[in-house]
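Printed here is run.json (JSON, C-alpha atoms):
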```
[["chain", "number", "residue", "atom", "x", "y", "z"],
["A", 19, "MET", "CA", 24.18, 21.08, -17.47],
["A", 20, "ILE", "CA", 22.85, 19.61, -14.22],
["A", 21, "PRO", "CA", 24.12, 16.07, -13.53],
["A", 22, "PRO", "CA", 21.33, 13.46, -13.78],
["A", 23, "SER", "CA", 22.19, 12.14, -10.33],
["A", 24, "PHE", "CA", 20.69, 15.32, -8.81],
["A", 25, "TYR", "CA", 17.35, 14.45, -10.38],
["A", 26, "ILE", "CA", 17.63, 10.85, -9.18],
["A", 27, "ILE", "CA", 18.40, 11.94, -5.62],
["A", 28, "LEU", "CA", 15.44, 14.36, -5.68],
["A", 29, "SER", "CA", 13.22, 11.55, -6.95],
["A", 30, "LEU", "CA", 14.50, 9.28, -4.16],
["A", 31, "ALA", "CA", 13.81, 11.95, -1.54],
["A", 32, "LEU", "CA", 10.25, 12.48, -2.77],
["A", 33, "PHE", "CA", 9.63, 8.72, -2.84],
["A", 34, "LEU", "CA", 10.90, 8.29, 0.73],
["A", 35, "ILE", "CA", 8.82, 11.24, 1.96],
["A", 36, "GLY", "CA", 5.76, 9.58, 0.39],
["A", 37, "THR", "CA", 6.57, 6.23, 1.99],
["A", 38, "PHE", "CA", 7.07, 7.80, 5.38],
["A", 39, "GLY", "CA", 3.81, 9.71, 5.03],
["A", 40, "ILE", "CA", 1.97, 6.45, 4.42],
["A", 41, "LEU", "CA", 3.50, 5.05, 7.60],
["A", 42, "ILE", "CA", 2.68, 7.94, 9.93],
["A", 43, "ARG", "CA", -0.65, 9.37, 8.74],
["A", 44, "ARG", "CA", -4.14, 8.14, 9.64],
["A", 45, "ASN", "CA", -6.37, 9.93, 7.14],
["A", 46, "LEU", "CA", -7.25, 7.77, 4.12],
["A", 47, "LEU", "CA", -7.21, 10.77, 1.77],
["A", 48, "VAL", "CA", -3.72, 11.81, 2.90],
["A", 49, "LEU", "CA", -2.51, 8.22, 2.43],
["A", 50, "PHE", "CA", -3.86, 8.38, -1.12],
["A", 51, "MET", "CA", -2.03, 11.67, -1.72],
["A", 52, "CYS", "CA", 1.20, 10.05, -0.52],
["A", 53, "ILE", "CA", 0.71, 7.32, -3.13],
["A", 54, "GLU", "CA", 0.31, 10.03, -5.79],
["A", 55, "LEU", "CA", 3.53, 11.63, -4.49],
["A", 56, "MET", "CA", 5.39, 8.34, -4.91],
["A", 57, "LEU", "CA", 4.02, 7.86, -8.44],
["A", 58, "ASN", "CA", 5.18, 11.37, -9.32],
["A", 59, "SER", "CA", 8.68, 10.74, -8.00],
["A", 60, "VAL", "CA", 8.93, 7.59, -10.12],
["A", 61, "ASN", "CA", 7.85, 9.64, -13.13],
["A", 62, "LEU", "CA", 10.71, 12.05, -12.44],
["A", 63, "ALA", "CA", 13.22, 9.19, -12.46],
["A", 64, "LEU", "CA", 11.74, 7.77, -15.68],
["A", 65, "VAL", "CA", 11.90, 11.11, -17.48],
["A", 66, "THR", "CA", 15.46, 11.70, -16.26],
["A", 67, "PHE", "CA", 16.66, 8.35, -17.61],
["A", 68, "SER", "CA", 14.77, 9.00, -20.83],
["A", 69, "ARG", "CA", 16.72, 12.26, -21.25],
["A", 70, "VAL", "CA", 20.09, 10.71, -20.32],
["A", 71, "PHE", "CA", 19.78, 7.84, -22.79],
["A", 72, "GLN", "CA", 17.97, 9.99, -25.41],
["A", 73, "ASN", "CA", 15.32, 7.29, -25.58],
["A", 74, "LEU", "CA", 11.62, 8.15, -25.67],
["A", 75, "ASP", "CA", 10.43, 4.91, -24.05],
["A", 76, "GLY", "CA", 10.87, 6.37, -20.56],
["A", 77, "GLN", "CA", 8.60, 9.29, -21.37],
["A", 78, "LEU", "CA", 6.00, 6.93, -22.80],
["A", 79, "LEU", "CA", 6.15, 4.81, -19.66],
["A", 80, "SER", "CA", 5.55, 7.89, -17.52],
["A", 81, "PHE", "CA", 2.63, 8.77, -19.82],
["A", 82, "PHE", "CA", 1.11, 5.38, -19.02],
["A", 83, "VAL", "CA", 1.84, 5.89, -15.32],
["A", 84, "ILE", "CA", -0.13, 9.16, -15.41],
["A", 85, "ALA", "CA", -3.05, 7.47, -17.18],
["A", 86, "VAL", "CA", -3.13, 4.57, -14.71],
["A", 87, "ALA", "CA", -2.89, 7.04, -11.80],
["A", 88, "ALA", "CA", -5.98, 8.82, -13.12],
["A", 89, "ALA", "CA", -7.92, 5.54, -13.27],
["A", 90, "GLU", "CA", -6.64, 4.55, -9.82],
["A", 91, "ALA", "CA", -7.63, 7.90, -8.30],
["A", 92, "THR", "CA", -11.16, 7.57, -9.69],
["A", 93, "VAL", "CA", -11.79, 4.13, -8.19],
["A", 94, "GLY", "CA", -9.90, 4.83, -4.95],
["A", 95, "LEU", "CA", -11.78, 8.03, -4.21],
["A", 96, "ALA", "CA", -15.09, 6.29, -4.94],
["A", 97, "ILE", "CA", -14.14, 3.60, -2.40],
["A", 98, "ILE", "CA", -13.18, 6.26, 0.17],
["A", 99, "LEU", "CA", -16.53, 7.99, -0.38],
["A", 100, "LEU", "CA", -18.33, 4.68, 0.13],
["A", 101, "VAL", "CA", -16.40, 4.01, 3.35],
["A", 102, "TYR", "CA", -17.26, 7.51, 4.59],
["A", 103, "ARG", "CA", -20.93, 7.07, 3.73],
["A", 104, "ASN", "CA", -21.16, 3.78, 5.62],
["A", 105, "ARG", "CA", -18.93, 4.46, 8.63],
["A", 106, "LYS", "CA", -18.71, 8.29, 8.83],
["A", 107, "VAL", "CA", -14.92, 8.12, 9.32],
["A", 108, "VAL", "CA", -11.92, 8.38, 7.01],
["A", 109, "GLU", "CA", -9.34, 7.59, 9.71],
["A", 110, "ILE", "CA", -7.75, 4.17, 9.30],
["A", 111, "ASP", "CA", -7.45, 3.41, 13.01],
["A", 112, "GLU", "CA", -11.23, 3.68, 13.36],
["A", 113, "LEU", "CA", -11.79, 1.10, 10.61],
["A", 114, "ASP", "CA", -11.07, -1.98, 12.74],
["A", 115, "SER", "CA", -14.22, -4.08, 12.27],
["A", 116, "MET", "CA", -12.08, -6.82, 10.73],
["A", 117, "ARG", "CA", -9.69, -6.67, 13.73],
["A", 118, "GLY", "CA", -6.81, -5.59, 11.55],
["B", 28, "MET", "CA", 20.53, 29.72, -15.38],
["B", 29, "GLN", "CA", 19.44, 26.07, -15.56],
["B", 30, "ILE", "CA", 20.91, 25.33, -12.15],
["B", 31, "ALA", "CA", 18.92, 28.21, -10.67],
["B", 32, "PHE", "CA", 15.68, 26.83, -12.11],
["B", 33, "PHE", "CA", 16.60, 23.33, -10.93],
["B", 34, "LEU", "CA", 17.29, 24.51, -7.39],
["B", 35, "PHE", "CA", 14.08, 26.54, -7.28],
["B", 36, "PHE", "CA", 11.87, 23.66, -8.44],
["B", 37, "ALA", "CA", 13.71, 21.03, -6.37],
["B", 38, "ILE", "CA", 13.50, 22.99, -3.12],
["B", 39, "ALA", "CA", 9.86, 23.88, -3.77],
["B", 40, "ALA", "CA", 9.05, 20.21, -4.44],
["B", 41, "LEU", "CA", 10.85, 18.99, -1.31],
["B", 42, "LEU", "CA", 9.30, 21.57, 1.03],
["B", 43, "ALA", "CA", 5.84, 21.01, -0.41],
["B", 44, "ALA", "CA", 6.25, 17.23, -0.12],
["B", 45, "LEU", "CA", 7.14, 17.58, 3.56],
["B", 46, "SER", "CA", 4.13, 19.84, 3.93],
["B", 47, "VAL", "CA", 1.90, 17.14, 2.35],
["B", 48, "ILE", "CA", 2.72, 14.67, 5.10],
["B", 49, "LEU", "CA", 2.91, 17.15, 7.99],
["B", 50, "GLN", "CA", -0.21, 19.33, 7.50],
["B", 51, "LYS", "CA", -3.06, 18.53, 9.87],
["B", 52, "ASN", "CA", -5.79, 19.63, 7.46],
["B", 53, "PRO", "CA", -6.14, 17.43, 4.32],
["B", 54, "ILE", "CA", -7.10, 20.49, 2.24],
["B", 55, "TYR", "CA", -3.66, 21.99, 2.91],
["B", 56, "SER", "CA", -2.07, 18.63, 2.08],
["B", 57, "ALA", "CA", -3.86, 18.62, -1.28],
["B", 58, "LEU", "CA", -2.79, 22.20, -2.04],
["B", 59, "SER", "CA", 0.83, 21.30, -1.15],
["B", 60, "LEU", "CA", 0.60, 18.28, -3.44],
["B", 61, "ILE", "CA", -0.45, 20.65, -6.26],
["B", 62, "VAL", "CA", 2.75, 22.64, -5.61],
["B", 63, "VAL", "CA", 4.81, 19.40, -5.79],
["B", 64, "ILE", "CA", 3.14, 18.46, -9.08],
["B", 65, "ALA", "CA", 3.67, 21.89, -10.61],
["B", 66, "SER", "CA", 7.36, 21.91, -9.57],
["B", 67, "LEU", "CA", 7.83, 18.47, -11.12],
["B", 68, "GLY", "CA", 6.23, 19.86, -14.27],
["B", 69, "GLY", "CA", 8.92, 22.54, -14.32],
["B", 70, "LEU", "CA", 11.62, 19.89, -13.87],
["B", 71, "PHE", "CA", 10.16, 17.92, -16.79],
["B", 72, "LEU", "CA", 10.49, 21.06, -18.90],
["B", 73, "LEU", "CA", 14.16, 21.30, -17.86],
["B", 74, "LEU", "CA", 14.56, 17.68, -19.03],
["B", 75, "ASN", "CA", 13.09, 18.51, -22.47],
["B", 76, "ALA", "CA", 9.97, 16.42, -21.79],
["B", 77, "ASN", "CA", 7.51, 19.08, -22.92],
["B", 78, "PHE", "CA", 4.57, 16.78, -23.54],
["B", 79, "ILE", "CA", 4.88, 15.05, -20.16],
["B", 80, "ALA", "CA", 5.15, 18.47, -18.47],
["B", 81, "VAL", "CA", 1.88, 19.58, -20.08],
["B", 82, "LEU", "CA", 0.19, 16.30, -19.10],
["B", 83, "GLN", "CA", 1.49, 16.72, -15.55],
["B", 84, "ILE", "CA", -0.10, 20.16, -15.20],
["B", 85, "VAL", "CA", -3.33, 19.45, -17.07],
["B", 86, "ILE", "CA", -4.15, 15.94, -15.85],
["B", 87, "TYR", "CA", -2.52, 15.80, -12.41],
["B", 88, "ALA", "CA", -2.89, 19.35, -11.14],
["B", 89, "GLY", "CA", -6.02, 20.05, -13.15],
["B", 90, "ALA", "CA", -8.11, 16.90, -13.03],
["B", 91, "ILE", "CA", -6.90, 14.50, -10.35],
["B", 92, "MET", "CA", -6.29, 17.11, -7.66],
["B", 93, "THR", "CA", -9.69, 18.74, -8.32],
["B", 94, "LEU", "CA", -11.23, 15.31, -7.74],
["B", 95, "PHE", "CA", -9.26, 15.04, -4.49],
["B", 96, "LEU", "CA", -10.46, 18.45, -3.31],
["B", 97, "PHE", "CA", -14.09, 17.54, -4.03],
["B", 98, "VAL", "CA", -13.82, 14.30, -2.06],
["B", 99, "ILE", "CA", -12.07, 16.08, 0.84],
["B", 100, "MET", "CA", -14.92, 18.59, 0.95],
["B", 101, "MET", "CA", -17.49, 15.77, 1.00],
["B", 102, "THR", "CA", -15.87, 14.01, 3.95],
["B", 103, "GLU", "CA", -15.32, 15.69, 7.30],
["B", 104, "PRO", "CA", -11.89, 14.86, 8.70],
["B", 105, "ARG", "CA", -11.43, 14.83, 12.45],
["B", 106, "GLU", "CA", -9.59, 17.79, 13.91],
["B", 107, "GLU", "CA", -7.34, 15.62, 16.06],
["B", 108, "LEU", "CA", -4.83, 14.13, 13.63],
["B", 109, "ARG", "CA", -1.63, 13.43, 15.47],
["B", 110, "PRO", "CA", 0.78, 11.28, 13.44],
["B", 111, "ILE", "CA", 1.47, 7.66, 14.34],
["B", 112, "TRP", "CA", 4.83, 7.85, 16.11],
["B", 113, "ASN", "CA", 5.46, 4.49, 17.73],
["B", 114, "PHE", "CA", 8.37, 2.06, 17.70],
["B", 115, "GLN", "CA", 7.45, 0.70, 14.27],
["B", 116, "SER", "CA", 7.42, 4.07, 12.54],
["B", 117, "LYS", "CA", 10.78, 4.97, 14.13],
["B", 118, "ALA", "CA", 12.24, 1.68, 12.85],
["B", 119, "ALA", "CA", 10.72, 2.38, 9.44],
["B", 120, "LEU", "CA", 12.31, 5.84, 9.39],
["B", 121, "LEU", "CA", 15.69, 4.27, 10.18],
["B", 122, "ILE", "CA", 15.30, 1.73, 7.34],
["B", 123, "LEU", "CA", 14.25, 4.47, 4.91],
["B", 124, "LEU", "CA", 17.34, 6.53, 5.86],
["B", 125, "VAL", "CA", 19.54, 3.47, 5.25],
["B", 126, "ILE", "CA", 17.92, 2.99, 1.83],
["B", 127, "ALA", "CA", 18.51, 6.67, 1.06],
["B", 128, "GLY", "CA", 22.15, 6.44, 2.12],
["B", 129, "VAL", "CA", 22.86, 3.33, 0.03],
["B", 130, "THR", "CA", 21.16, 4.85, -3.01],
["B", 131, "ILE", "CA", 23.02, 8.16, -2.74],
["B", 132, "TRP", "CA", 26.28, 6.24, -2.24],
["B", 133, "SER", "CA", 25.67, 4.17, -5.39],
["B", 134, "VAL", "CA", 24.52, 7.19, -7.41],
["B", 135, "SER", "CA", 27.74, 8.99, -6.50],
["B", 136, "PHE", "CA", 29.69, 6.55, -8.69],
["B", 137, "SER", "CA", 27.65, 7.56, -11.73],
["B", 138, "ASP", "CA", 29.37, 9.69, -14.35],
["B", 139, "ALA", "CA", 26.29, 10.00, -16.59],
["B", 140, "GLN", "CA", 25.93, 13.37, -18.27],
["B", 141, "ILE", "CA", 23.05, 15.09, -19.96],
["B", 142, "THR", "CA", 24.36, 15.45, -23.49],
["B", 143, "THR", "CA", 23.13, 17.80, -26.20],
["B", 144, "LEU", "CA", 19.68, 17.06, -27.47],
["B", 145, "ALA", "CA", 19.37, 14.57, -30.33],
["B", 146, "THR", "CA", 17.29, 15.70, -33.28],
["B", 147, "ASN", "CA", 14.73, 12.89, -32.95],
["B", 148, "PHE", "CA", 13.94, 13.64, -29.29],
["B", 149, "ASN", "CA", 10.77, 15.67, -29.66],
["B", 150, "VAL", "CA", 7.01, 15.46, -29.42],
["B", 151, "ARG", "CA", 6.63, 14.37, -33.04],
["B", 152, "ALA", "CA", 8.78, 11.30, -32.42],
["B", 153, "LEU", "CA", 6.96, 10.69, -29.14],
["B", 154, "GLY", "CA", 3.60, 10.63, -30.88],
["B", 155, "ARG", "CA", 4.90, 8.41, -33.64],
["B", 156, "THR", "CA", 6.27, 5.88, -31.13],
["B", 157, "LEU", "CA", 3.06, 6.02, -29.09],
["B", 158, "PHE", "CA", 0.87, 5.19, -32.08],
["B", 159, "THR", "CA", 3.13, 2.55, -33.62],
["B", 160, "SER", "CA", 5.03, 0.38, -31.17],
["B", 161, "TYR", "CA", 2.89, 1.35, -28.15],
["B", 162, "LEU", "CA", -0.50, 1.22, -29.88],
["B", 163, "PHE", "CA", -1.71, -1.90, -28.06],
["B", 164, "PRO", "CA", -0.93, -0.60, -24.52],
["B", 165, "PHE", "CA", -2.60, 2.67, -25.52],
["B", 166, "GLU", "CA", -5.84, 0.89, -26.42],
["B", 167, "ILE", "CA", -5.64, -1.20, -23.23],
["B", 168, "ILE", "CA", -5.33, 2.06, -21.25],
["B", 169, "SER", "CA", -8.51, 3.38, -22.86],
["B", 170, "ILE", "CA", -10.38, 0.22, -21.86],
["B", 171, "LEU", "CA", -8.94, 0.53, -18.33],
["B", 172, "ILE", "CA", -10.12, 4.13, -17.96],
["B", 173, "ILE", "CA", -13.61, 3.33, -19.28],
["B", 174, "SER", "CA", -13.97, 0.41, -16.89],
["B", 175, "SER", "CA", -12.64, 2.43, -13.94],
["B", 176, "VAL", "CA", -15.17, 5.20, -14.61],
["B", 177, "ILE", "CA", -18.00, 2.65, -14.78],
["B", 178, "GLY", "CA", -16.69, 0.96, -11.63],
["B", 179, "ALA", "CA", -16.47, 4.25, -9.74],
["B", 180, "LEU", "CA", -20.01, 5.19, -10.72],
["B", 181, "TYR", "CA", -21.22, 1.75, -9.63],
["B", 182, "ILE", "CA", -19.38, 1.87, -6.29],
["B", 183, "ALA", "CA", -20.41, 5.40, -5.35],
["B", 184, "ARG", "CA", -24.07, 5.24, -6.46],
["B", 185, "LYS", "CA", -26.93, 5.87, -4.05],
["B", 186, "GLU", "CA", -28.66, 2.71, -2.88],
["B", 187, "GLU", "CA", -32.25, 2.61, -4.20],
["B", 188, "ALA", "CA", -33.78, 1.09, -1.08]]
```
If you convert what's in this file into C-alpha cells, what do you get?
Amino acid sequence: MIPPSFYIILSLALFLIGTFGILIRRNLLVLFMCIELMLNSVNLALVTFSRVFQNLDGQLLSFFVIAVAAAEATVGLAIILLVYRNRKVVEIDELDSMRG
Amino acid sequence: MQIAFFLFFAIAALLAALSVILQKNPIYSALSLIVVIASLGGLFLLLNANFIAVLQIVIYAGAIMTLFLFVIMMTEPREELRPIWNFQSKAALLILLVIAGVTIWSVSFSDAQITTLATNFNVRALGRTLFTSYLFPFEIISILIISSVIGALYIARKEEA
C-alpha cells in the first residue's frame, strides 16, 4: 500500500503550483484555472484523510467543494465575460482604472 | 501494481500542473488542467473514492472545463504573455518553498497507513450519510447553484439599450 504521506505531499505540490501561478500570471482566465487547481489539490487531501481514517465525511466535504466550485466557476466566468465586453482585455495589469 | 498507478497519475498531475501555469496560450492551460483533473480522478479511484472520482471526471472535466473553453474562445487573449517575475514574486517563491519544506518535514513524522477497507466504506454508506446527516447542507447547495445560475445570467446579459 502507498503511504498516505505521498498523497499529502502531492496535494501540497499541486497547491503550491496553483498559488505560484496566481502570483506570476496576468490572464484572468489562467488565474481562475489556478484557483481550480488549488481546489482540486485540497480535494485530494480530503479524500486521502477520508481513506486513512475510514470516515466518509471527508469524501462528502470534497463533494460539497466540487459543487461550490461549479457555482463559483459559473459566476466568475460571467464576470470575466462582462469585463471583456466592457474593456476588451482579460489581462489584470490593464485593469487599473481604480489605480490598484 | 498500485505504486505504478500512483506514480503514473502523480507525475502526470505534476507535469500538467506546471504546464497550466507555464503555457502562453490559455487554451493549452485549460487542456493541461483537464489532464490534472483526470489524473486526480485516477488517484481518487486508488483511494477507493469511486463516487468522487466519477464526479471529478463528469462535473470538473466534463462541465466546468467545457465552460472554461467556451469563455476562452469568446475572449481574445494577447499574444504577449510574459510572466510577472519581479522581486515580489521571487520572495513569494522563497516563502512557498519554505512552506513546502516545513510541511514535508512534518509529514515525515507521520506513520499513518492505509489499512484494509472497512465494510461500511462504500457508495451506499456515502449516499445514506449524504441524505441523513448532511441533508441540510445538500439543500443549501441546491439553492446556491440556482442563485449562481440566475446571477450569472443576470451579469452576462446583453444590455437592452
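Distance check against Ala96 of chain A using only C-alpha atoms: of B:Thr159, B:Gln50, B:Thr102, B:Asn75, the minimum falls on B:Thr102.
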Taking all atoms listed in the file into account, produce a table as CSV in which each residue of chain B with an atom at most 6 Å from an atom of chain A appears once, together with its shortest atom pair and the distance in Å to one decimal, ordered by chain and rising number.
```
residue,atom,partner,partner_atom,distance
B:Ile48,CA,A:Gly39,CA,5.1
B:Pro110,CA,A:Ile42,CA,5.2
B:Ile111,CA,A:Ile42,CA,4.6
B:Gln140,CA,A:Pro21,CA,5.7
B:Ile141,CA,A:Val70,CA,5.3
B:Ile172,CA,A:Ala89,CA,5.4
B:Ser175,CA,A:Ala89,CA,5.7
B:Ala179,CA,A:Val93,CA,4.9
B:Ala183,CA,A:Ala96,CA,5.4
```
Output C-alpha atoms of each residue in that selection to a file, as a CSV table (one decimal), in the frame of the given file.
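What landed in again_36.csv:
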```
chain,number,residue,atom,x,y,z
B,48,ILE,CA,2.7,14.7,5.1
B,110,PRO,CA,0.8,11.3,13.4
B,111,ILE,CA,1.5,7.7,14.3
B,140,GLN,CA,25.9,13.4,-18.3
B,141,ILE,CA,23.0,15.1,-20.0
B,172,ILE,CA,-10.1,4.1,-18.0
B,175,SER,CA,-12.6,2.4,-13.9
B,179,ALA,CA,-16.5,4.2,-9.7
B,183,ALA,CA,-20.4,5.4,-5.4
```
Give me, as a PDB file with C-alpha atoms, in the coordinates of the input, all polymer residues having an atom no more than 9 Å from Ala88 of chain B, counting only C-alpha atoms and skipping those fewer than 6 positions away in the same chain.
```pdb
ATOM      1  CA  LEU B  60       0.600  18.280  -3.440  1.00  0.00           C
ATOM      2  CA  ILE B  61      -0.450  20.650  -6.260  1.00  0.00           C
ATOM      3  CA  VAL B  62       2.750  22.640  -5.610  1.00  0.00           C
ATOM      4  CA  ILE B  64       3.140  18.460  -9.080  1.00  0.00           C
ATOM      5  CA  ALA B  65       3.670  21.890 -10.610  1.00  0.00           C
TER       6      ALA B  65
END
```
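Atom CA of Leu45 of chain B to atom CA of Val129 of chain B spans 21.5 Å [interatomic distance, one decimal].
Atom CA of Phe165 of chain B to atom CA of Asn147 of chain B spans 21.4 Å [interatomic distance, one decimal].
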